[in-house]
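K.L.:
Please find final.cif (mmCIF, C-alpha atoms) on the next line:
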data_entry
loop_
_atom_site.group_PDB
_atom_site.id
_atom_site.type_symbol
_atom_site.label_atom_id
_atom_site.label_comp_id
_atom_site.auth_asym_id
_atom_site.auth_seq_id
_atom_site.Cartn_x
_atom_site.Cartn_y
_atom_site.Cartn_z
ATOM 1 C CA MET A 1 -40.161 -60.528 5.329
ATOM 2 C CA GLU A 2 -42.698 -60.516 2.477
ATOM 3 C CA THR A 3 -45.439 -61.767 4.793
ATOM 4 C CA LYS A 4 -44.855 -58.887 7.233
ATOM 5 C CA ALA A 5 -44.957 -56.294 4.440
ATOM 6 C CA TYR A 6 -48.217 -57.800 3.192
ATOM 7 C CA GLU A 7 -49.710 -57.775 6.687
ATOM 8 C CA ASN A 8 -48.697 -54.121 7.120
ATOM 9 C CA PHE A 9 -50.261 -53.267 3.775
ATOM 10 C CA ILE A 10 -53.542 -55.031 4.609
ATOM 11 C CA GLU A 11 -53.586 -53.236 7.977
ATOM 12 C CA LEU A 12 -53.158 -49.897 6.173
ATOM 13 C CA LEU A 13 -56.024 -50.760 3.832
ATOM 14 C CA SER A 14 -58.239 -51.643 6.789
ATOM 15 C CA ARG A 15 -57.532 -48.276 8.500
ATOM 16 C CA ARG A 16 -58.482 -46.171 5.472
ATOM 17 C CA PHE A 17 -62.143 -45.171 5.443
ATOM 18 C CA SER A 18 -64.432 -42.606 3.859
ATOM 19 C CA CYS A 19 -64.419 -39.927 6.544
ATOM 20 C CA ARG A 20 -67.328 -37.518 6.693
ATOM 21 C CA LYS A 21 -66.470 -35.597 9.844
ATOM 22 C CA TYR A 22 -63.171 -33.771 10.298
ATOM 23 C CA SER A 23 -61.590 -31.829 13.126
ATOM 24 C CA ALA A 24 -60.965 -28.118 12.568
ATOM 25 C CA GLU A 25 -57.193 -28.700 12.829
ATOM 26 C CA PRO A 26 -55.570 -27.398 9.657
ATOM 27 C CA VAL A 27 -53.648 -29.751 7.403
ATOM 28 C CA GLY A 28 -50.150 -28.373 6.914
ATOM 29 C CA ASP A 29 -48.644 -27.797 3.494
ATOM 30 C CA ASP A 30 -45.987 -30.409 4.292
ATOM 31 C CA LEU A 31 -48.653 -33.095 4.683
ATOM 32 C CA ILE A 32 -50.456 -32.007 1.521
ATOM 33 C CA GLU A 33 -47.193 -32.223 -0.411
ATOM 34 C CA LYS A 34 -46.565 -35.725 0.957
ATOM 35 C CA VAL A 35 -49.957 -37.078 -0.091
ATOM 36 C CA VAL A 36 -49.733 -35.466 -3.535
ATOM 37 C CA GLU A 37 -46.219 -36.912 -3.881
ATOM 38 C CA ALA A 38 -47.757 -40.351 -3.369
ATOM 39 C CA ALA A 39 -50.287 -39.565 -6.118
ATOM 40 C CA ARG A 40 -47.462 -38.397 -8.377
ATOM 41 C CA LEU A 41 -45.848 -41.824 -8.084
ATOM 42 C CA ALA A 42 -48.982 -43.645 -9.271
ATOM 43 C CA PRO A 43 -48.801 -45.577 -12.519
ATOM 44 C CA SER A 44 -50.770 -44.417 -15.538
ATOM 45 C CA ALA A 45 -51.339 -45.771 -19.015
ATOM 46 C CA CYS A 46 -48.201 -45.100 -21.089
ATOM 47 C CA ASN A 47 -47.008 -42.976 -18.141
ATOM 48 C CA ARG A 48 -49.077 -40.023 -19.367
ATOM 49 C CA GLN A 49 -49.979 -38.829 -15.830
ATOM 50 C CA PRO A 50 -53.086 -36.956 -17.062
ATOM 51 C CA TRP A 51 -53.899 -35.194 -13.820
ATOM 52 C CA THR A 52 -53.598 -32.122 -11.668
ATOM 53 C CA PHE A 53 -54.437 -31.803 -7.982
ATOM 54 C CA ILE A 54 -55.719 -28.419 -6.826
ATOM 55 C CA VAL A 55 -55.917 -27.415 -3.162
ATOM 56 C CA ALA A 56 -59.083 -25.323 -3.085
ATOM 57 C CA PRO A 57 -58.516 -22.028 -1.248
ATOM 58 C CA ASP A 58 -61.004 -20.676 1.284
ATOM 59 C CA GLY A 59 -64.027 -19.339 -0.526
ATOM 60 C CA VAL A 60 -63.534 -21.703 -3.445
ATOM 61 C CA ARG A 61 -63.725 -24.684 -1.068
ATOM 62 C CA GLU A 62 -67.103 -23.477 0.160
ATOM 63 C CA ARG A 63 -68.356 -22.826 -3.395
ATOM 64 C CA LEU A 64 -67.319 -26.307 -4.495
ATOM 65 C CA GLY A 65 -68.814 -27.803 -1.354
ATOM 66 C CA ALA A 66 -72.124 -26.112 -2.162
ATOM 67 C CA LEU A 67 -72.233 -28.197 -5.351
ATOM 68 C CA CYS A 68 -72.536 -31.359 -3.233
ATOM 69 C CA SER A 69 -75.433 -32.725 -1.276
ATOM 70 C CA ARG A 70 -73.168 -33.301 1.729
ATOM 71 C CA SER A 71 -72.236 -30.360 3.972
ATOM 72 C CA PHE A 72 -69.008 -31.948 5.217
ATOM 73 C CA VAL A 73 -67.306 -31.157 1.899
ATOM 74 C CA ALA A 74 -67.478 -27.397 2.471
ATOM 75 C CA GLU A 75 -66.677 -27.791 6.173
ATOM 76 C CA THR A 76 -63.504 -29.846 5.826
ATOM 77 C CA PRO A 77 -60.290 -27.942 6.581
ATOM 78 C CA THR A 78 -58.777 -28.891 3.218
ATOM 79 C CA LEU A 79 -60.303 -29.885 -0.092
ATOM 80 C CA ILE A 80 -58.232 -31.373 -2.883
ATOM 81 C CA VAL A 81 -59.731 -31.292 -6.351
ATOM 82 C CA ALA A 82 -58.680 -34.115 -8.693
ATOM 83 C CA VAL A 83 -58.655 -32.881 -12.282
ATOM 84 C CA GLY A 84 -58.305 -35.194 -15.261
ATOM 85 C CA HIS A 85 -56.772 -34.045 -18.534
ATOM 86 C CA HIS A 86 -58.499 -35.947 -21.335
ATOM 87 C CA ASP A 87 -56.201 -34.544 -24.020
ATOM 88 C CA GLU A 88 -53.121 -35.888 -22.206
ATOM 89 C CA ALA A 89 -54.426 -39.372 -21.397
ATOM 90 C CA TRP A 90 -53.775 -42.525 -23.334
ATOM 91 C CA HIS A 91 -56.687 -43.673 -25.486
ATOM 92 C CA ARG A 92 -56.978 -47.294 -26.569
ATOM 93 C CA THR A 93 -56.549 -47.154 -30.332
ATOM 94 C CA SER A 94 -56.757 -50.823 -31.266
ATOM 95 C CA THR A 95 -60.521 -51.151 -30.800
ATOM 96 C CA ASP A 96 -62.734 -48.557 -29.194
ATOM 97 C CA GLY A 97 -60.693 -45.436 -28.370
ATOM 98 C CA LYS A 98 -61.372 -45.803 -24.621
ATOM 99 C CA ASP A 99 -60.109 -42.778 -22.680
ATOM 100 C CA HIS A 100 -58.077 -43.874 -19.632
ATOM 101 C CA THR A 101 -58.208 -40.542 -17.781
ATOM 102 C CA ASP A 102 -60.616 -41.776 -15.108
ATOM 103 C CA ILE A 103 -58.734 -45.044 -14.570
ATOM 104 C CA ASP A 104 -55.368 -43.315 -14.258
ATOM 105 C CA LEU A 105 -56.728 -40.645 -11.959
ATOM 106 C CA ALA A 106 -58.511 -43.210 -9.772
ATOM 107 C CA ILE A 107 -55.214 -44.984 -9.161
ATOM 108 C CA ALA A 108 -53.517 -41.685 -8.264
ATOM 109 C CA ILE A 109 -56.373 -40.659 -5.957
ATOM 110 C CA GLU A 110 -56.208 -43.918 -4.048
ATOM 111 C CA HIS A 111 -52.438 -43.538 -3.669
ATOM 112 C CA LEU A 112 -53.189 -40.103 -2.169
ATOM 113 C CA CYS A 113 -55.852 -41.531 0.163
ATOM 114 C CA LEU A 114 -53.621 -44.329 1.404
ATOM 115 C CA ALA A 115 -50.733 -41.926 1.982
ATOM 116 C CA ALA A 116 -53.092 -39.702 3.976
ATOM 117 C CA THR A 117 -53.989 -42.663 6.186
ATOM 118 C CA THR A 118 -50.317 -43.315 6.967
ATOM 119 C CA LEU A 119 -50.050 -39.695 8.137
ATOM 120 C CA GLY A 120 -53.028 -39.842 10.517
ATOM 121 C CA LEU A 121 -55.347 -38.111 8.055
ATOM 122 C CA GLN A 122 -58.505 -39.380 6.406
ATOM 123 C CA THR A 123 -60.194 -38.655 3.109
ATOM 124 C CA CYS A 124 -63.380 -39.296 1.200
ATOM 125 C CA TRP A 125 -63.971 -39.657 -2.519
ATOM 126 C CA VAL A 126 -66.796 -37.323 -3.487
ATOM 127 C CA CYS A 127 -68.085 -37.747 -7.021
ATOM 128 C CA ASN A 128 -71.708 -36.597 -6.645
ATOM 129 C CA PHE A 129 -71.484 -32.926 -7.605
ATOM 130 C CA ASN A 130 -72.019 -30.669 -10.593
ATOM 131 C CA ALA A 131 -68.753 -31.259 -12.466
ATOM 132 C CA ALA A 132 -69.408 -28.627 -15.135
ATOM 133 C CA GLU A 133 -70.011 -25.944 -12.503
ATOM 134 C CA ALA A 134 -66.930 -27.065 -10.547
ATOM 135 C CA ALA A 135 -64.837 -26.717 -13.720
ATOM 136 C CA ARG A 136 -66.294 -23.244 -14.294
ATOM 137 C CA ILE A 137 -65.492 -22.159 -10.726
ATOM 138 C CA LEU A 138 -61.907 -23.366 -11.166
ATOM 139 C CA GLY A 139 -61.523 -21.855 -14.631
ATOM 140 C CA LEU A 140 -60.652 -25.176 -16.267
ATOM 141 C CA GLY A 141 -60.267 -25.722 -19.974
ATOM 142 C CA GLU A 142 -62.419 -27.799 -22.316
ATOM 143 C CA THR A 143 -60.311 -30.945 -22.011
ATOM 144 C CA GLU A 144 -60.060 -30.778 -18.207
ATOM 145 C CA GLU A 145 -62.626 -32.425 -15.946
ATOM 146 C CA VAL A 146 -63.139 -32.350 -12.191
ATOM 147 C CA VAL A 147 -63.293 -36.091 -11.521
ATOM 148 C CA ALA A 148 -63.473 -36.044 -7.723
ATOM 149 C CA LEU A 149 -63.463 -33.758 -4.720
ATOM 150 C CA ILE A 150 -61.345 -35.102 -1.882
ATOM 151 C CA PRO A 151 -61.927 -33.682 1.578
ATOM 152 C CA ILE A 152 -58.845 -34.366 3.686
ATOM 153 C CA GLY A 153 -58.169 -33.769 7.343
ATOM 154 C CA PHE A 154 -57.792 -35.215 10.795
ATOM 155 C CA PRO A 155 -60.806 -37.415 11.499
ATOM 156 C CA ALA A 156 -63.324 -36.344 14.139
ATOM 157 C CA GLU A 157 -65.192 -39.638 13.933
ATOM 158 C CA GLU A 158 -64.423 -43.237 14.687
ATOM 159 C CA GLU A 159 -63.628 -45.588 11.872
ATOM 160 C CA PRO A 160 -66.856 -47.376 10.942
ATOM 161 C CA ALA A 161 -67.010 -51.151 10.609
ATOM 162 C CA LYS A 162 -66.219 -52.153 7.033
ATOM 163 C CA LYS A 163 -68.732 -54.145 5.054
ATOM 164 C CA ARG A 164 -67.056 -56.003 2.245
ATOM 165 C CA LYS A 165 -68.121 -58.928 0.127
ATOM 166 C CA PRO A 166 -66.341 -62.187 0.897
ATOM 167 C CA LEU A 167 -63.460 -63.142 -1.363
ATOM 168 C CA SER A 168 -65.483 -66.051 -2.724
ATOM 169 C CA ASP A 169 -68.005 -63.558 -4.162
ATOM 170 C CA ILE A 170 -65.438 -61.561 -6.139
ATOM 171 C CA LEU A 171 -62.795 -64.103 -7.204
ATOM 172 C CA ARG A 172 -63.469 -66.369 -10.158
ATOM 173 C CA ARG A 173 -61.236 -69.272 -11.124
#
So, in terms of structure tokens, how does the structure I just supplied come out?

P.N.:
Amino acid sequence: METKAYENFIELLSRRFSCRKYSAEPVGDDLIEKVVEAARLAPSACNRQPWTFIVAPDGVRERLGALCSRSFVAETPTLIVAVGHHDEAWHRTSTDGKDHTDIDLAIAIEHLCLAATTLGLQTCWVCNFNAAEAARILGLGETEEVVALIPIGFPAEEEPAKKRKPLSDILRR
């Protein structure tokens, strides 16, 4: 039984890709709620859950997309904005005060992306944008940061071949 679950999980991971071309088919609210539910279930340091996910409405989606160098962000049918709350996150106090907002939010985002894949959707992490301007557009507070823009929709492109390092290059014993 465990082997089958692992094989299914690896197959899911292999189907998820960074999609840059989406069909015009809208993503229903029910599907958005399902993928955000998966993000909600993600672990976070001390269970702080320092995040909010915003579905950018028309107009705002285009304005946020204009902050990127890639046109597909503004053209996707749905754009989810991942916002980190630095004042709510756990900070390592024993040594350096490291803020775990980005780590916690990254885990939640990938939960969202994998859930999207199970539903026939695809996503793309977009982190190359003007975060300060995105926060201004969204009216965020001082301790809130737009960490990633996540286009989500039904893919209009084939899954590209994955290029990954071999296990021997990333595993040390």

K.L.:
How would you write, as a ChimeraX atom specification, the residues chosen by the PyMOL selection byres ((chain A and resi 70-78) around 10) on this structure?

P.N.:
/A:19-28,32,55-69,79-81,123-124,126,128-129,149-155

K.L.:
Check the smallest atom-to-atom distance from each of A:Glu144, A:Asp169, A:Glu159, A:Asp104 to Cys46 of chain A using only C-alpha atoms, then report the winner.

P.N.:
A:Asp104

K.L.:
Which residues are near Val83 of chain A? Cut-off 12 Å, all atoms listed in the file, ignore same chain within fewer than 3 positions. Put them as a PyMOL selection string.

P.N.:
chain A and resi 49-56+80+86+88-89+101-102+104-106+108-109+127+131-132+134-135+138-150

K.L.:
Hey, which of A:Thr93, A:Asn130, A:Asn47, A:Gln122 ends up closest to Val35 of chain A? Count only C-alpha atoms.

P.N.:
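Distance minimum relative to Val35 of chain A lands on A:Gln122.
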
K.L.:
Of the candidates A:Glu7, A:Ser14, A:Lys34, A:Arg173, which one gets nearest to Leu119 of chain A if we count only C-alpha atoms?

P.N.:
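Of A:Glu7, A:Ser14, A:Lys34, A:Arg173, the one nearest Leu119 of chain A is A:Lys34, counting only C-alpha atoms.
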
K.L.:
Given the file above and the PyMOL selection byres ((chain A and resi 114) around 10), which residues are selected, and can you give them as a PDB file with C-alpha atoms, keeping the file's coordinate frame?

P.N.:
ATOM      1  CA  PHE A   9     -50.261 -53.267   3.775  1.00  0.00           C
ATOM      2  CA  LEU A  12     -53.158 -49.897   6.173  1.00  0.00           C
ATOM      3  CA  LEU A  13     -56.024 -50.760   3.832  1.00  0.00           C
ATOM      4  CA  ARG A  15     -57.532 -48.276   8.500  1.00  0.00           C
ATOM      5  CA  ARG A  16     -58.482 -46.171   5.472  1.00  0.00           C
ATOM      6  CA  PHE A  17     -62.143 -45.171   5.443  1.00  0.00           C
ATOM      7  CA  VAL A  35     -49.957 -37.078  -0.091  1.00  0.00           C
ATOM      8  CA  ALA A  38     -47.757 -40.351  -3.369  1.00  0.00           C
ATOM      9  CA  ALA A  39     -50.287 -39.565  -6.118  1.00  0.00           C
ATOM     10  CA  ILE A 109     -56.373 -40.659  -5.957  1.00  0.00           C
ATOM     11  CA  GLU A 110     -56.208 -43.918  -4.048  1.00  0.00           C
ATOM     12  CA  HIS A 111     -52.438 -43.538  -3.669  1.00  0.00           C
ATOM     13  CA  LEU A 112     -53.189 -40.103  -2.169  1.00  0.00           C
ATOM     14  CA  CYS A 113     -55.852 -41.531   0.163  1.00  0.00           C
ATOM     15  CA  ALA A 115     -50.733 -41.926   1.982  1.00  0.00           C
ATOM     16  CA  ALA A 116     -53.092 -39.702   3.976  1.00  0.00           C
ATOM     17  CA  THR A 117     -53.989 -42.663   6.186  1.00  0.00           C
ATOM     18  CA  THR A 118     -50.317 -43.315   6.967  1.00  0.00           C
ATOM     19  CA  LEU A 119     -50.050 -39.695   8.137  1.00  0.00           C
ATOM     20  CA  LEU A 121     -55.347 -38.111   8.055  1.00  0.00           C
ATOM     21  CA  GLN A 122     -58.505 -39.380   6.406  1.00  0.00           C
ATOM     22  CA  THR A 123     -60.194 -38.655   3.109  1.00  0.00           C
TER      23      THR A 123
END
